[in-house]
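Student: Data: start_37.csv, CSV, C-alpha atoms and all ligand atoms.
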chain,number,residue,atom,x,y,z
D,1,MET,CA,-32.7,3.0,-21.1
D,2,ALA,CA,-31.2,6.4,-20.3
D,3,PRO,CA,-27.9,7.0,-22.0
D,4,LEU,CA,-24.8,6.9,-19.8
D,5,VAL,CA,-23.8,10.5,-19.1
D,6,ILE,CA,-20.1,10.9,-18.5
D,7,PRO,CA,-19.6,14.2,-16.6
D,8,ASP,CA,-17.2,16.7,-18.1
D,9,THR,CA,-15.0,16.5,-15.0
D,10,LYS,CA,-11.7,15.0,-14.1
D,11,TYR,CA,-10.8,12.9,-11.1
D,12,CYS,CA,-8.4,14.8,-9.1
D,13,ASP,CA,-4.9,13.4,-9.7
D,14,LEU,CA,-4.0,14.3,-6.1
D,15,THR,CA,-6.0,11.4,-4.8
D,16,TYR,CA,-4.0,8.5,-6.1
D,17,GLY,CA,-0.7,7.1,-5.1
D,18,GLY,CA,1.2,6.7,-8.4
D,19,LEU,CA,4.5,8.3,-9.2
D,20,ASP,CA,5.1,11.5,-11.2
D,21,ALA,CA,5.7,10.3,-14.8
D,22,GLU,CA,9.2,11.6,-14.6
D,23,LEU,CA,10.0,9.2,-11.9
D,24,TYR,CA,9.2,6.1,-13.9
D,25,PRO,CA,12.5,4.7,-15.3
D,26,SER,CA,10.9,4.2,-18.7
D,27,GLU,CA,14.1,4.3,-20.8
D,28,GLU,CA,15.9,1.8,-18.6
D,29,LEU,CA,12.9,-0.5,-18.4
D,30,LYS,CA,12.8,-0.4,-22.2
D,31,GLN,CA,16.4,-1.6,-22.4
D,32,TYR,CA,16.0,-4.3,-19.8
D,33,ALA,CA,12.8,-5.6,-21.4
D,34,THR,CA,14.5,-5.9,-24.7
D,35,ARG,CA,17.5,-7.6,-23.2
D,36,ALA,CA,15.4,-10.0,-21.4
D,37,LEU,CA,13.9,-11.1,-24.7
D,38,ASP,CA,17.2,-11.3,-26.5
D,39,LYS,CA,19.0,-13.2,-23.8
D,40,ALA,CA,16.5,-15.8,-23.2
D,41,SER,CA,16.1,-16.6,-26.9
D,42,GLY,CA,12.3,-16.7,-26.7
D,43,ASP,CA,11.5,-18.6,-23.5
D,44,ALA,CA,10.9,-15.3,-21.7
D,45,LEU,CA,7.6,-15.3,-23.5
D,46,SER,CA,6.5,-18.7,-22.2
D,47,TYR,CA,4.5,-19.5,-19.1
D,48,PHE,CA,7.8,-20.9,-17.6
D,49,ALA,CA,11.4,-21.5,-18.5
D,50,SER,CA,12.0,-24.8,-20.1
D,51,GLY,CA,12.3,-27.6,-17.5
D,52,ALA,CA,10.9,-25.3,-14.7
D,53,PRO,CA,7.1,-25.7,-14.7
D,54,HIS,CA,7.0,-24.6,-11.1
D,55,GLU,CA,7.7,-21.0,-12.3
D,56,MET,CA,4.1,-20.9,-13.5
D,57,THR,CA,3.1,-21.0,-9.8
D,58,TYR,CA,6.0,-19.5,-7.9
D,59,GLY,CA,7.4,-17.0,-10.5
D,60,ASP,CA,10.7,-16.5,-12.1
D,61,ALA,CA,13.4,-18.3,-10.1
D,62,GLY,CA,16.0,-15.6,-10.6
D,63,LEU,CA,13.8,-12.8,-9.3
D,64,ARG,CA,12.7,-14.8,-6.3
D,65,GLU,CA,16.4,-15.4,-5.4
D,66,ARG,CA,17.1,-11.7,-5.9
D,67,ILE,CA,14.2,-10.6,-3.7
D,68,ALA,CA,15.3,-13.1,-1.0
D,69,GLU,CA,18.8,-11.5,-1.1
D,70,ILE,CA,17.4,-8.0,-0.8
D,71,LEU,CA,15.2,-8.9,2.1
D,72,THR,CA,18.0,-10.7,3.9
D,73,ALA,CA,20.2,-7.7,3.6
D,74,ARG,CA,17.4,-5.3,4.6
D,75,ASP,CA,15.9,-7.2,7.5
D,76,GLY,CA,18.9,-8.9,8.8
D,77,PHE,CA,17.7,-12.5,8.8
D,78,ALA,CA,18.3,-15.1,6.1
D,79,ARG,CA,15.6,-15.7,3.5
D,80,SER,CA,15.6,-18.0,0.6
D,81,ALA,CA,13.6,-18.3,-2.6
D,82,ALA,CA,11.5,-21.0,-0.9
D,83,GLY,CA,10.0,-18.2,1.2
D,84,ILE,CA,9.1,-15.9,-1.7
D,85,LEU,CA,6.2,-16.2,-4.1
D,86,LEU,CA,5.9,-13.7,-7.0
D,87,VAL,CA,2.4,-12.2,-7.5
D,88,SER,CA,0.7,-9.6,-9.7
D,89,GLY,CA,1.1,-6.9,-7.1
D,90,ALA,CA,0.7,-6.8,-3.4
D,91,ALA,CA,-3.1,-6.8,-3.8
D,92,GLN,CA,-3.0,-10.3,-5.4
D,93,GLY,CA,-0.7,-11.5,-2.6
D,94,LEU,CA,-3.3,-10.5,-0.1
D,95,ALA,CA,-6.1,-12.2,-2.1
D,96,LEU,CA,-4.1,-15.4,-2.2
D,97,VAL,CA,-3.5,-15.3,1.6
D,98,VAL,CA,-7.2,-14.9,2.1
D,99,SER,CA,-8.1,-17.6,-0.4
D,100,ALA,CA,-5.7,-20.0,1.4
D,101,PHE,CA,-6.5,-19.3,5.0
D,102,VAL,CA,-9.9,-17.7,5.4
D,103,ASP,CA,-13.1,-19.8,5.5
D,104,PRO,CA,-16.6,-18.4,5.7
D,105,GLY,CA,-17.3,-17.3,9.3
D,106,ASP,CA,-13.6,-16.9,10.2
D,107,GLY,CA,-12.5,-13.7,11.9
D,108,VAL,CA,-10.2,-11.0,10.4
D,109,VAL,CA,-9.1,-7.8,12.3
D,110,MET,CA,-8.0,-4.7,10.3
D,111,GLU,CA,-7.4,-1.0,10.8
D,112,SER,CA,-10.6,1.1,10.8
D,113,VAL,CA,-9.3,3.2,7.9
D,114,SER,CA,-7.5,1.0,5.4
D,115,LYS,CA,-7.4,-0.2,1.8
D,116,LYS,CA,-10.8,-1.0,0.3
D,117,HIS,CA,-9.5,-3.9,-1.7
D,118,ALA,CA,-8.5,-5.6,1.5
D,119,LEU,CA,-12.0,-5.4,3.0
D,120,ARG,CA,-13.5,-6.6,-0.2
D,121,TYR,CA,-11.3,-9.7,-0.2
D,122,PHE,CA,-12.2,-10.4,3.5
D,123,THR,CA,-15.9,-10.0,3.0
D,124,ALA,CA,-16.0,-11.9,-0.3
D,125,ALA,CA,-14.4,-14.9,1.6
D,126,GLY,CA,-17.3,-14.7,4.1
D,127,ALA,CA,-15.1,-13.4,7.0
D,128,PHE,CA,-16.4,-11.6,10.0
D,129,VAL,CA,-14.4,-8.4,10.0
D,130,SER,CA,-13.5,-6.3,13.0
D,131,HIS,CA,-12.2,-2.8,12.6
D,132,VAL,CA,-9.8,-1.3,15.2
D,133,PRO,CA,-8.7,2.3,15.5
D,134,VAL,CA,-5.3,3.7,14.3
D,135,ASP,CA,-3.8,6.5,16.4
D,136,GLU,CA,-0.5,8.4,16.1
D,137,ARG,CA,1.3,5.3,17.3
D,138,GLY,CA,-0.3,3.0,14.8
D,139,MET,CA,-2.9,0.2,15.0
D,140,ASP,CA,-4.4,0.1,18.5
D,141,VAL,CA,-3.2,-3.3,19.6
D,142,ASP,CA,-5.3,-3.3,22.8
D,143,SER,CA,-8.3,-3.0,20.6
D,144,VAL,CA,-7.0,-5.9,18.5
D,145,GLU,CA,-7.0,-8.1,21.6
D,146,ARG,CA,-10.5,-7.0,22.6
D,147,SER,CA,-11.6,-7.9,19.1
D,148,LEU,CA,-10.0,-11.3,19.2
D,149,THR,CA,-11.6,-12.0,22.6
D,150,ASP,CA,-15.0,-10.8,21.4
D,151,MET,CA,-14.8,-13.0,18.3
D,152,THR,CA,-14.0,-16.1,20.3
D,153,ARG,CA,-16.8,-15.4,22.7
D,154,ARG,CA,-19.2,-15.4,19.7
D,155,GLY,CA,-17.8,-18.6,18.3
D,156,VAL,CA,-15.9,-16.9,15.5
D,157,LYS,CA,-12.4,-18.3,14.9
D,158,PRO,CA,-9.8,-15.5,14.4
D,159,LYS,CA,-7.6,-16.2,11.5
D,160,LEU,CA,-5.9,-13.0,10.3
D,161,ILE,CA,-4.8,-9.6,11.4
D,162,TYR,CA,-4.2,-7.3,8.4
D,163,THR,CA,-2.1,-4.2,9.0
D,164,ILE,CA,-0.1,-1.6,7.2
D,165,PRO,CA,2.4,-0.8,10.0
D,166,THR,CA,4.9,1.3,8.0
D,167,PHE,CA,3.5,4.6,6.6
D,168,HIS,CA,0.0,3.3,7.0
D,169,VAL,CA,-2.4,4.2,4.1
D,170,PRO,CA,-4.0,6.6,4.3
D,171,THR,CA,-2.9,8.1,7.6
D,172,GLY,CA,0.9,7.9,7.0
D,173,VAL,CA,1.4,6.7,10.6
D,174,LEU,CA,4.4,4.6,11.5
D,175,MET,CA,3.5,1.9,14.1
D,176,ARG,CA,5.8,2.3,17.1
D,177,MET,CA,8.2,-0.4,18.3
D,178,GLN,CA,6.3,-1.3,21.4
D,179,ARG,CA,3.1,-1.8,19.4
D,180,ARG,CA,4.9,-4.0,16.9
D,181,GLU,CA,6.2,-6.2,19.6
D,182,GLN,CA,2.8,-6.3,21.4
D,183,LEU,CA,1.1,-7.2,18.1
D,184,LEU,CA,3.5,-10.1,17.5
D,185,SER,CA,3.0,-11.4,21.0
D,186,LEU,CA,-0.8,-11.3,20.5
D,187,ALA,CA,-0.4,-13.2,17.2
D,188,ARG,CA,1.6,-15.9,19.0
D,189,LYS,CA,-0.9,-16.1,21.9
D,190,TRP,CA,-3.9,-16.4,19.6
D,191,ASN,CA,-2.3,-18.4,16.9
D,192,VAL,CA,-3.3,-16.0,14.1
D,193,LEU,CA,-1.4,-14.9,11.0
D,194,VAL,CA,-0.4,-11.3,10.7
D,195,ILE,CA,-0.4,-9.9,7.2
D,196,GLU,CA,2.1,-7.1,7.0
D,197,ASP,CA,1.3,-4.9,4.0
D,198,ASN,CA,4.7,-3.4,3.3
D,199,VAL,CA,4.3,-1.6,0.0
D,200,GLN,CA,5.2,1.8,1.5
D,201,TYR,CA,8.3,0.6,3.4
D,202,GLU,CA,10.9,1.9,1.1
D,203,LEU,CA,9.3,5.3,0.7
D,204,TYR,CA,11.0,6.9,3.7
D,205,TYR,CA,12.2,10.4,3.4
D,206,GLU,CA,15.2,10.5,5.6
D,207,GLN,CA,15.6,7.7,8.2
D,208,ARG,CA,15.0,4.1,7.6
D,209,PRO,CA,11.8,3.1,9.3
D,210,LEU,CA,11.6,0.7,12.2
D,211,PRO,CA,12.2,-3.0,11.5
D,212,THR,CA,9.4,-4.8,9.7
D,213,LEU,CA,7.1,-7.0,11.7
D,214,GLN,CA,8.4,-9.9,9.8
D,215,SER,CA,12.0,-9.2,10.9
D,216,LEU,CA,10.9,-9.1,14.5
D,217,ASP,CA,8.9,-12.3,14.2
D,218,THR,CA,10.5,-15.4,15.7
D,219,GLU,CA,7.6,-17.8,15.1
D,220,GLY,CA,6.8,-17.4,11.4
D,221,CYS,CA,3.4,-15.9,12.0
D,222,VAL,CA,4.0,-12.8,9.7
D,223,VAL,CA,3.2,-13.0,6.0
D,224,GLN,CA,4.5,-10.0,4.2
D,225,VAL,CA,3.1,-8.6,1.0
D,226,GLU,CA,5.2,-6.1,-1.0
D,227,SER,CA,5.7,-5.0,-4.6
D,228,PHE,CA,7.6,-2.8,-7.0
D,229,SER,CA,4.4,-0.7,-7.6
D,230,LYS,CA,5.6,2.2,-5.5
D,231,THR,CA,9.3,1.9,-6.3
D,232,ILE,CA,9.6,1.1,-10.0
D,233,ALA,CA,6.2,1.1,-11.7
D,234,PRO,CA,2.7,-0.3,-10.8
D,235,ALA,CA,2.2,-1.3,-14.4
D,236,LEU,CA,4.8,-4.1,-14.0
D,237,ARG,CA,2.3,-5.8,-11.7
D,238,ILE,CA,5.1,-7.5,-9.9
D,239,GLY,CA,5.0,-8.1,-6.2
D,240,TRP,CA,5.8,-10.8,-3.8
D,241,VAL,CA,4.7,-12.6,-0.7
D,242,SER,CA,7.4,-13.4,1.8
D,243,ALA,CA,6.6,-16.0,4.4
D,244,THR,CA,7.7,-19.4,5.7
D,245,PRO,CA,8.1,-22.0,3.0
D,246,LEU,CA,5.1,-23.8,4.6
D,247,VAL,CA,2.8,-20.8,4.1
D,248,ILE,CA,4.2,-20.3,0.6
D,249,GLU,CA,3.2,-23.9,-0.2
D,250,SER,CA,-0.3,-23.2,1.0
D,251,LEU,CA,-0.6,-20.2,-1.3
D,252,ALA,CA,0.8,-22.1,-4.2
D,253,ARG,CA,-1.9,-24.7,-3.7
D,254,VAL,CA,-4.7,-22.2,-4.2
D,255,ARG,CA,-3.1,-20.3,-7.1
D,256,GLU,CA,-4.7,-20.9,-10.5
D,257,ASP,CA,-3.7,-17.8,-12.6
D,258,SER,CA,-0.6,-19.1,-14.5
D,259,GLY,CA,1.7,-16.8,-12.6
D,260,VAL,CA,3.6,-13.5,-13.2
D,261,SER,CA,5.1,-12.5,-16.6
D,262,LEU,CA,8.4,-14.3,-16.9
D,263,TRP,CA,9.6,-11.6,-19.3
D,264,LEU,CA,9.1,-8.7,-17.0
D,265,ALA,CA,10.4,-10.6,-14.0
D,266,ARG,CA,13.6,-11.2,-15.8
D,267,ALA,CA,13.9,-7.6,-16.9
D,268,VAL,CA,13.4,-6.4,-13.3
D,269,ASP,CA,15.8,-9.0,-12.0
D,270,GLN,CA,18.6,-7.7,-14.3
D,271,TYR,CA,17.6,-4.1,-13.6
D,272,ILE,CA,18.2,-4.8,-9.9
D,273,ALA,CA,21.4,-6.9,-10.5
D,274,ASP,CA,22.9,-3.8,-12.2
D,275,GLY,CA,22.2,-1.6,-9.2
D,276,LYS,CA,19.5,0.4,-10.8
D,277,LEU,CA,16.9,-0.2,-8.1
D,278,THR,CA,19.3,1.4,-5.5
D,279,SER,CA,19.6,4.6,-7.5
D,280,GLN,CA,15.8,4.6,-8.4
D,281,LEU,CA,15.0,4.4,-4.6
D,282,GLU,CA,17.3,7.3,-3.9
D,283,ARG,CA,15.6,9.4,-6.6
D,284,ILE,CA,12.1,8.5,-5.3
D,285,ARG,CA,12.9,9.2,-1.7
D,286,ALA,CA,14.3,12.6,-2.5
D,287,ALA,CA,11.2,13.4,-4.7
D,288,CYS,CA,8.9,12.2,-2.0
D,289,LYS,CA,10.4,14.5,0.6
D,290,ARG,CA,10.5,17.5,-1.7
D,291,LYS,CA,6.9,16.9,-2.8
D,292,ARG,CA,5.7,16.3,0.7
D,293,ASP,CA,7.2,19.7,1.8
D,294,TYR,CA,5.7,21.4,-1.3
D,295,ALA,CA,2.3,20.0,-0.7
D,296,LEU,CA,2.4,20.8,3.0
D,297,ASN,CA,3.3,24.4,2.3
D,298,ALA,CA,0.6,24.7,-0.4
D,299,LEU,CA,-1.9,23.2,2.1
D,300,ARG,CA,-1.0,25.7,4.7
D,301,GLN,CA,-1.2,28.5,2.2
D,302,TYR,CA,-4.5,27.6,0.7
D,303,CYS,CA,-6.4,25.5,3.1
D,304,GLY,CA,-4.7,26.0,6.5
D,305,ALA,CA,-7.7,27.6,8.3
D,306,TRP,CA,-10.1,24.7,7.8
D,307,THR,CA,-7.9,21.7,7.6
D,308,ARG,CA,-5.4,19.7,9.8
D,309,CYS,CA,-2.8,17.3,8.7
D,310,SER,CA,0.0,15.4,10.4
D,311,ILE,CA,3.5,15.4,8.8
D,312,PRO,CA,4.4,12.0,7.5
D,313,GLN,CA,7.9,10.7,7.6
D,314,GLY,CA,7.4,8.5,4.6
D,315,GLY,CA,4.9,7.3,2.0
D,316,ALA,CA,3.1,9.2,-0.8
D,317,TYR,CA,0.1,10.6,1.0
D,318,LEU,CA,-1.1,13.4,3.2
D,319,TRP,CA,-4.3,12.6,5.2
D,320,LEU,CA,-6.2,15.8,5.5
D,321,GLU,CA,-8.9,16.4,8.0
D,322,LEU,CA,-11.5,18.9,7.2
D,323,SER,CA,-12.9,21.0,10.1
D,324,ALA,CA,-16.3,19.9,11.4
D,325,ARG,CA,-17.5,23.3,10.3
D,326,VAL,CA,-17.0,22.3,6.7
D,327,ASP,CA,-19.8,20.4,4.9
D,328,TRP,CA,-18.0,18.0,2.6
D,329,GLU,CA,-21.1,17.5,0.4
D,330,ARG,CA,-21.1,21.3,-0.4
D,331,VAL,CA,-17.3,21.2,-1.0
D,332,ARG,CA,-17.8,18.3,-3.4
D,333,SER,CA,-20.5,19.9,-5.4
D,334,ARG,CA,-18.6,23.2,-5.6
D,335,LEU,CA,-15.5,21.3,-6.9
D,336,ALA,CA,-17.6,19.5,-9.5
D,337,ARG,CA,-19.0,22.8,-10.7
D,338,ASP,CA,-15.4,23.9,-11.3
D,339,GLY,CA,-14.8,20.7,-13.2
D,340,LEU,CA,-12.8,18.9,-10.5
D,341,ILE,CA,-13.6,15.8,-8.7
D,342,PHE,CA,-11.7,14.9,-5.6
D,343,ALA,CA,-12.6,11.3,-4.9
D,344,PRO,CA,-14.0,11.4,-1.4
D,345,SER,CA,-12.0,9.3,1.0
D,346,GLU,CA,-15.0,7.0,1.8
D,347,ARG,CA,-14.7,5.8,-1.7
D,348,ILE,CA,-11.1,4.9,-1.5
D,349,GLU,CA,-10.6,4.0,2.2
D,350,VAL,CA,-12.9,2.0,4.3
D,351,GLY,CA,-14.1,3.1,7.7
D,352,ALA,CA,-16.5,5.6,9.1
D,353,ASP,CA,-13.6,7.6,10.4
D,354,ALA,CA,-12.8,8.6,6.8
D,355,LYS,CA,-15.9,10.7,6.3
D,356,GLN,CA,-14.4,14.1,7.0
D,357,PHE,CA,-11.0,13.3,5.4
D,358,LEU,CA,-9.3,13.7,2.1
D,359,ARG,CA,-6.3,11.7,0.9
D,360,ILE,CA,-3.8,13.8,-1.0
D,361,GLY,CA,-1.4,11.7,-3.1
D,362,PHE,CA,1.2,14.3,-3.8
D,363,LEU,CA,3.8,12.2,-5.7
D,364,GLN,CA,2.1,12.0,-9.0
D,365,ALA,CA,1.3,15.7,-9.4
D,366,SER,CA,3.6,18.5,-10.6
D,367,ASP,CA,4.1,21.5,-8.4
D,368,ALA,CA,1.8,23.5,-10.7
D,369,GLU,CA,-0.9,20.9,-10.4
D,370,ILE,CA,-0.6,20.8,-6.6
D,371,ASP,CA,-1.2,24.6,-6.6
D,372,ARG,CA,-4.1,24.4,-9.0
D,373,TRP,CA,-5.9,21.6,-7.1
D,374,LEU,CA,-5.3,23.0,-3.6
D,375,SER,CA,-6.3,26.5,-4.5
D,376,ALA,CA,-9.5,25.1,-6.0
D,377,LEU,CA,-10.0,23.1,-2.9
D,378,SER,CA,-9.6,26.2,-0.7
D,379,ARG,CA,-12.3,28.0,-2.7
D,380,ALA,CA,-14.6,25.0,-2.4
D,381,ILE,CA,-14.0,24.8,1.3
D,382,ALA,CA,-14.8,28.4,1.7
D,383,ALA,CA,-18.1,27.7,0.0
D,384,GLY,CA,-18.7,24.7,2.2
D,385,VAL,CA,-18.3,26.3,5.6
D,386,LYS,CA,-21.4,25.9,7.8
D,387,HIS,CA,-22.7,29.2,9.2
F,1,LIG,C1,-1.1,-0.1,1.3
F,1,LIG,C2,-1.2,-0.7,-0.1
F,1,LIG,N1,-1.3,-2.0,-0.3
F,1,LIG,C3,-1.4,-2.6,-1.5
F,1,LIG,C4,-1.5,-1.8,-2.6
F,1,LIG,C5,-1.7,-2.5,-3.9
F,1,LIG,O1,-0.4,-2.5,-4.5
F,1,LIG,P1,-0.1,-3.3,-5.8
F,1,LIG,O2,0.0,-2.4,-7.0
F,1,LIG,O3,1.3,-3.9,-5.5
F,1,LIG,O4,-1.1,-4.4,-6.0
F,1,LIG,C6,-1.5,-0.4,-2.5
F,1,LIG,C7,-1.6,0.4,-3.7
F,1,LIG,O5,-1.9,1.6,-3.7
F,1,LIG,C8,-1.3,0.2,-1.2
F,1,LIG,O6,-1.3,1.5,-1.0
Take the structure in the file and give it back as structure tokens.
Ligand SMILES: Cc1ncc(COP(=O)(O)O)c(C=O)c1O

Tutor:
Amino acid sequence: MAPLVIPDTKYCDLTYGGLDAELYPSEELKQYATRALDKASGDALSYFASGAPHEMTYGDAGLRERIAEILTARDGFARSAAGILLVSGAAQGLALVVSAFVDPGDGVVMESVSKKHALRYFTAAGAFVSHVPVDERGMDVDSVERSLTDMTRRGVKPKLIYTIPTFHVPTGVLMRMQRREQLLSLARKWNVLVIEDNVQYELYYEQRPLPTLQSLDTEGCVVQVESFSKTIAPALRIGWVSATPLVIESLARVREDSGVSLWLARAVDQYIADGKLTSQLERIRAACKRKRDYALNALRQYCGAWTRCSIPQGGAYLWLELSARVDWERVRSRLARDGLIFAPSERIEVGADAKQFLRIGFLQASDAEIDRWLSALSRAIAAGVKH
């Protein structure tokens, strides 16, 4: 067998959506993690607190209460811990919803460019997946209705609509209010669940975004998945599903993974109780805005002639469209020759629409790295222009 050759190249850090290392609250987390061990005299390292075996399925009771309080204050309607399930990141929350509600042959509607893990979960469950466009007002809800109608005509039972309405990944678009309401009325009419992927919600630069779909929902048809990955640290692997207690029970029934780390959940709970999340969010939002502006300026300076990009109001990505006159394959091989690999968008996002696009995750790079990568990209684009 031929030996595995690992190319002497580096994935471009600008592709991914993590935080700049300086934004991770490492020192504070260290303190809270230690305190969580001391305080609980050992049971933080168990599957569940003594006498509370349900924590193995639902997660640490304290953090569930805390999240319910945060969402109640944020969204303006009362939540309780019974409507919160802790999960290992929003991705696992979505996987559980699929496992609980999607049977082979059921229908799922999602945005045409979206997260690849979501598509993988849907297809692995044997779902029939319909992709609808996203424009500058968000998911095209008229197309959602056409998809639902079409599925029903073919004998497919529509079960889920998956959307990232706030700072959509990768486009950064914020779904407008009228679309939010239209989507909810469709969900009621067709009796389908809407999964609101809300992981970007807190990453607004200036103004709080529009209300979440869940806060506008009067019938309990929205299941929200969210996490601390973009606000504290993805390595915590702590997220949650927020839904009606009935839906949470259905998720609990299909869960078999022994839950989320009690230790880290307690550390995060105390971190939030001491007001640290509030200041962390302020820091992140300020950094997001500054980096967005820096990256946009660098883009204009280096790549302006051959690229187009809208200006997001939140989130950690720019969605860069290469001119049709640029041959991406040539750009890619030129970058590789320089020792750089920009992961092409088709590999990260699903959807044919993604072919001529690059996702720039500006939050995890320093200013110098942004300059370095984008100037390399501009040289590669120049080499890739079709004549
Ligand atoms: C829109 C969206 N949903 C879900 C996830 C997965 O997040 P988590 O780390 O909470 O599983 C990501 C991560 O990048 C994301 O961008």

Student: Identify, on the basis of only C-alpha atoms, every residue whose closest approach to Ile238 of chain D does not exceed 12 Å; exclude the query and any residue fewer than 5 positions from it along the same chain; express the result as a PyMOL selection string.

Tutor: chain D and resi 59-60+63-64+67+85-93+199+225-233+259-269

Student: Of the candidates D:Asp140, D:Asp293, D:Glu321, D:Glu55, which shows the shortest atom-to-atom distance to Trp306 of chain D, using only C-alpha atoms?

Tutor: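 Among the listed residues, the smallest separation from Trp306 of chain D belongs to D:Glu321.
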
Student: Grab the atom CA of Leu363 of chain D to atom CA of Ser215 of chain D distance for me, in Å with one decimal place.

Tutor: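 Calculated distance between atom CA of Leu363 of chain D and atom CA of Ser215 of chain D is 28.3 Å.
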
Student: Mind listing whatever residues come within 9 Å of the point (-2.4, -18.3, 5.2)? Use all atoms listed in the file, file coordinates, and give them as a list in words.

Tutor: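 The requested residues, written out, are Leu96, Val97, Val98, Ser99, Ala100, Phe101, Val102, Lys159, Leu160, Leu193, Ile195, Val223, Val247, Ile248, Ser250 and Leu251 of chain D.
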
Student: Figure out the distance between atom CA of Pro158 of chain D and atom CA of Leu246 of chain D, please, to one decimal in Å.

Tutor: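 Computed distance, atom CA of Leu246 of chain D to atom CA of Pro158 of chain D, equals 19.7 Å.
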